[in-house]
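J.: If it helps, the file is called data07.txt and holds compact mmCIF, C-alpha atoms:
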```txt
# COMPACT_ATOMS: atom_id res chain seq x y z
CA THR A 1 175.88 56.87 126.48
CA ARG A 2 176.09 54.10 123.94
CA TRP A 3 176.20 50.39 124.76
CA HIS A 4 174.40 50.98 128.09
CA CYS A 5 172.46 47.69 127.81
CA HIS A 6 175.15 45.52 126.23
CA GLN A 7 175.87 42.25 128.01
CA ASN A 8 179.62 42.74 127.65
CA ALA A 9 181.02 44.97 130.41
CA ALA A 10 183.88 46.17 128.19
CA LEU A 11 181.35 47.77 125.86
CA ARG A 12 178.87 48.75 128.53
CA ASN A 13 181.59 50.67 130.39
CA SER A 14 183.52 51.89 127.36
CA GLY A 15 182.52 55.53 127.73
CA ASP A 16 181.26 55.93 124.19
CA ASN A 17 178.66 58.63 123.67
CA ILE A 18 176.53 59.89 120.81
CA ASP A 19 178.62 63.00 120.21
CA THR A 20 181.85 61.14 119.52
CA HIS A 21 179.97 58.40 117.66
CA GLN A 22 178.31 60.90 115.33
CA ALA A 23 181.63 62.67 114.71
CA ARG A 24 183.31 59.37 113.82
CA VAL A 25 180.43 58.43 111.50
CA ALA A 26 180.59 61.82 109.78
CA ALA A 27 184.34 61.44 109.22
CA MET A 28 183.79 57.94 107.81
CA CYS A 29 181.03 59.17 105.49
CA ILE A 30 183.27 61.91 104.11
CA ASP A 31 186.11 59.41 103.62
CA LEU A 32 183.77 56.91 101.98
CA ALA A 33 182.30 59.57 99.69
CA ALA A 34 185.80 60.48 98.53
CA PHE A 35 186.63 56.81 97.95
CA ILE A 36 183.59 56.16 95.76
CA ARG A 37 183.83 59.65 94.24
CA HIS A 38 180.43 60.75 95.44
CA PRO A 39 180.27 64.57 95.51
CA LEU A 40 179.16 66.16 98.76
CA TRP A 41 178.97 69.86 97.82
CA ASP A 42 175.15 69.84 97.75
CA SER A 43 174.58 66.72 99.84
CA ASP A 44 172.92 66.49 103.25
CA LEU A 45 175.04 63.45 104.11
CA PRO A 46 177.60 65.20 106.37
CA HIS A 47 174.79 66.96 108.26
CA ALA A 48 172.82 63.72 108.61
CA ALA A 49 175.90 61.84 109.81
CA LEU A 50 176.63 64.49 112.44
CA HIS A 51 173.08 64.39 113.80
CA HIS A 52 171.62 60.96 112.98
CA ASP A 53 171.35 59.91 116.65
CA GLU A 54 170.31 63.25 118.18
CA ALA A 55 166.84 61.91 119.03
CA GLU A 56 168.54 59.57 121.51
CA ARG A 57 169.02 62.62 123.76
CA ILE A 58 165.26 62.54 124.30
CA LEU A 59 164.33 58.90 123.66
CA GLY A 60 167.43 57.04 124.80
CA ASP A 61 169.13 54.40 122.71
CA MET A 62 167.15 51.26 121.94
CA PRO A 63 169.55 48.30 121.71
CA GLY A 64 169.80 46.58 118.34
CA PRO A 65 168.75 43.17 119.70
CA ALA A 66 165.54 44.71 121.06
CA LYS A 67 164.81 46.28 117.68
CA GLY A 68 165.34 42.92 115.98
CA ARG A 69 163.23 40.96 118.45
CA PHE A 70 160.32 43.41 118.56
CA PRO A 71 159.73 44.84 115.05
CA ALA A 72 156.56 46.71 116.06
CA LEU A 73 158.44 48.42 118.89
CA SER A 74 161.28 49.22 116.49
CA ALA A 75 158.83 50.79 114.03
CA ALA A 76 157.23 52.87 116.78
CA TYR A 77 160.68 53.97 117.96
CA ALA A 78 161.64 54.97 114.39
CA LYS A 79 158.47 57.05 114.15
CA ALA A 80 159.24 58.71 117.48
CA GLU A 81 162.83 59.40 116.34
CA LEU A 82 161.57 61.13 113.22
CA GLN A 83 159.16 63.23 115.26
CA VAL A 84 161.88 64.26 117.74
CA LEU A 85 164.34 65.09 114.95
CA THR A 86 161.67 67.22 113.27
CA GLU A 87 160.93 69.01 116.54
CA MET A 88 164.67 69.67 116.92
CA GLY A 89 164.72 71.22 113.44
CA LEU A 90 166.90 68.44 112.09
CA ALA A 91 165.95 67.21 108.65
CA TRP A 92 167.85 65.95 105.67
CA ASN A 93 167.20 64.56 102.25
CA LEU A 94 169.46 61.64 101.34
CA THR A 95 169.59 59.69 98.12
CA ARG A 96 169.34 55.91 98.43
CA LEU A 97 173.11 55.70 97.99
CA GLU A 98 173.71 58.27 100.73
CA ALA A 99 171.33 56.48 103.10
CA ASP A 100 173.24 53.26 102.42
CA MET A 101 176.54 55.05 103.03
CA LEU A 102 175.30 56.44 106.35
CA ASN A 103 173.98 53.04 107.41
CA LEU A 104 177.27 51.35 106.53
CA CYS A 105 179.34 53.91 108.42
CA ASP A 106 177.01 53.80 111.44
CA LYS A 107 177.25 50.00 111.64
CA LEU A 108 180.99 50.02 110.91
CA ASP A 109 181.60 52.45 113.75
CA ALA A 110 179.90 50.04 116.16
CA TRP A 111 181.94 47.14 114.82
CA GLU A 112 185.21 49.06 115.09
CA TRP A 113 184.38 50.27 118.60
CA ALA A 114 183.70 46.70 119.72
CA ARG A 115 186.89 45.43 118.06
CA ASP A 116 188.95 48.20 119.61
CA HIS A 117 187.59 47.29 123.05
CA GLY A 118 188.49 43.64 122.66
CA VAL A 119 184.97 42.37 122.04
CA THR A 120 184.87 39.56 119.51
CA GLY A 121 182.87 36.42 118.83
CA PRO A 122 180.22 34.97 116.57
CA GLU A 123 177.86 37.95 116.78
CA TRP A 124 180.64 40.26 115.59
CA ASP A 125 181.67 37.85 112.83
CA VAL A 126 178.09 37.99 111.56
CA ALA A 127 178.15 41.78 111.80
CA ARG A 128 181.38 41.88 109.76
CA ALA A 129 179.77 39.70 107.07
CA LYS A 130 176.79 42.07 106.94
CA LEU A 131 179.17 45.02 106.58
CA ARG A 132 180.74 43.31 103.57
CA VAL A 133 177.34 42.90 101.91
CA MET A 134 176.53 46.56 102.56
CA ALA A 135 179.90 47.71 101.20
CA ARG A 136 179.56 45.54 98.09
CA ARG A 137 176.18 47.11 97.35
CA ILE A 138 177.76 50.57 97.09
CA GLY A 139 181.08 49.58 95.53
CA ALA A 140 183.14 50.12 98.66
CA GLU A 141 184.54 46.65 99.39
CA ASN A 142 188.16 47.81 99.14
CA TRP A 143 187.41 50.77 101.40
CA LEU A 144 185.92 48.44 103.98
CA ASP A 145 188.77 45.94 103.69
CA ALA A 146 191.23 48.70 104.57
CA ARG A 147 189.32 49.34 107.81
CA ILE A 148 188.56 45.85 109.03
```
The structure given in the file should be rewritten as structure tokens.

T.:
Amino acid sequence: TRWHCHQNAALRNSGDNIDTHQARVAAMCIDLAAFIRHPLWDSDLPHAALHHDEAERILGDMPGPAKGRFPALSAAYAKAELQVLTEMGLAWNLTRLEADMLNLCDKLDAWEWARDHGVTGPEWDVARAKLRVMARRIGAENWLDARI
């Protein structure tokens, strides 16, 4: 499950899981690609979006605040994720733009899930501001504005 360590009970008990999260992220990536007119016919982006959190089945989900507070632990976790994904036969090659698109959609899905479960406050305002910066970098500000 996602949000298992979140302090807010609405998120902690929201029932979100990696399968539905990955499906939502994939749908967002396809929509975003169409918006910015980025072709996907030979892109690994849809595959990466559908499987980007598969390693969590083995490793569990490390909460974002823990990653931010303990960079060395975050780096070790990222290395372990890559190893597990490789062992699962999951690999993709993304351009810098596609990696940014996946990151934006992954973070946006979390923000939307929190919003839809009534979770608001300063931490989510900061997250929304970061989403805007990410969207601006790839020319998707109007796309983001339509969602948030």

J.: I'd like the interatomic distance between CA of Gly15 (chain A) and CA of Trp3 (chain A), to a tenth of an Å.

T.: 8.7 Å

J.: Find the spatial neighbours of region 29-44 of chain A, counting all atoms listed in the file, within a cut-off of 12 Å - ignore same-chain residues fewer than 6 positions away - and output them as number ranges by chain.

T.: A: 22-23, 50-52, 90-95, 97-109, 135-144, 146-147

J.: How many Å separate CA of Lys130 (chain A) from CA of Lys79 (chain A)?

T.: 24.7 Å

J.: Go ahead and compute the interatomic distance for CA of Ala80 (chain A) and CA of Ala27 (chain A), in Å to one decimal.

T.: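 We find that CA of Ala80 (chain A) and CA of Ala27 (chain A) lie 26.6 Å from each other.
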
J.: Can you work out which one of A:Trp124, A:Tyr77, A:Trp113, A:Phe70 has the shortest atom-to-atom distance to Ser14 (chain A), counting only C-alpha atoms?

T.: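 So, comparing all the options, the nearest one is A:Trp113.
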
J.: For a cutoff of 9 Å around the file-coordinate point (169.1, 52.5, 124.1), which residues qualify once you count all atoms listed in the file? I'd like the result as number ranges by chain.

T.: A: 1-5, 56, 59-64

J.: Write the residues you've just listed into a file as a CSV table (one decimal), in the coordinates of the input, and include C-alpha atoms for each of them.

T.:
```
chain,number,residue,atom,x,y,z
A,1,THR,CA,175.9,56.9,126.5
A,2,ARG,CA,176.1,54.1,123.9
A,3,TRP,CA,176.2,50.4,124.8
A,4,HIS,CA,174.4,51.0,128.1
A,5,CYS,CA,172.5,47.7,127.8
A,56,GLU,CA,168.5,59.6,121.5
A,59,LEU,CA,164.3,58.9,123.7
A,60,GLY,CA,167.4,57.0,124.8
A,61,ASP,CA,169.1,54.4,122.7
A,62,MET,CA,167.2,51.3,121.9
A,63,PRO,CA,169.6,48.3,121.7
A,64,GLY,CA,169.8,46.6,118.3
```

J.: Hey, which of A:Glu112, A:Gly121, A:Ile58, A:Pro71 ends up closest to His21 (chain A)? Count all atoms listed in the file.

T.: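 With all atoms listed in the file as the atom set, the closest residue is A:Glu112.
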
J.: Which residues come within 6 Å of Val84 (chain A), counting all atoms listed in the file, excluding same-chain residues fewer than 3 positions away, as an NGL selection string?

T.: :A and (55 or 81 or 87)

J.: Those same residues, written as a PDB file, keeping the file's coordinate frame with C-alpha atoms?

T.:
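So the final result, stored in again_4.pdb, reads:
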```
ATOM      1  CA  ALA A  55     166.840  61.910 119.030  1.00  0.00           C
ATOM      2  CA  GLU A  81     162.830  59.400 116.340  1.00  0.00           C
ATOM      3  CA  GLU A  87     160.930  69.010 116.540  1.00  0.00           C
TER       4      GLU A  87
END
```
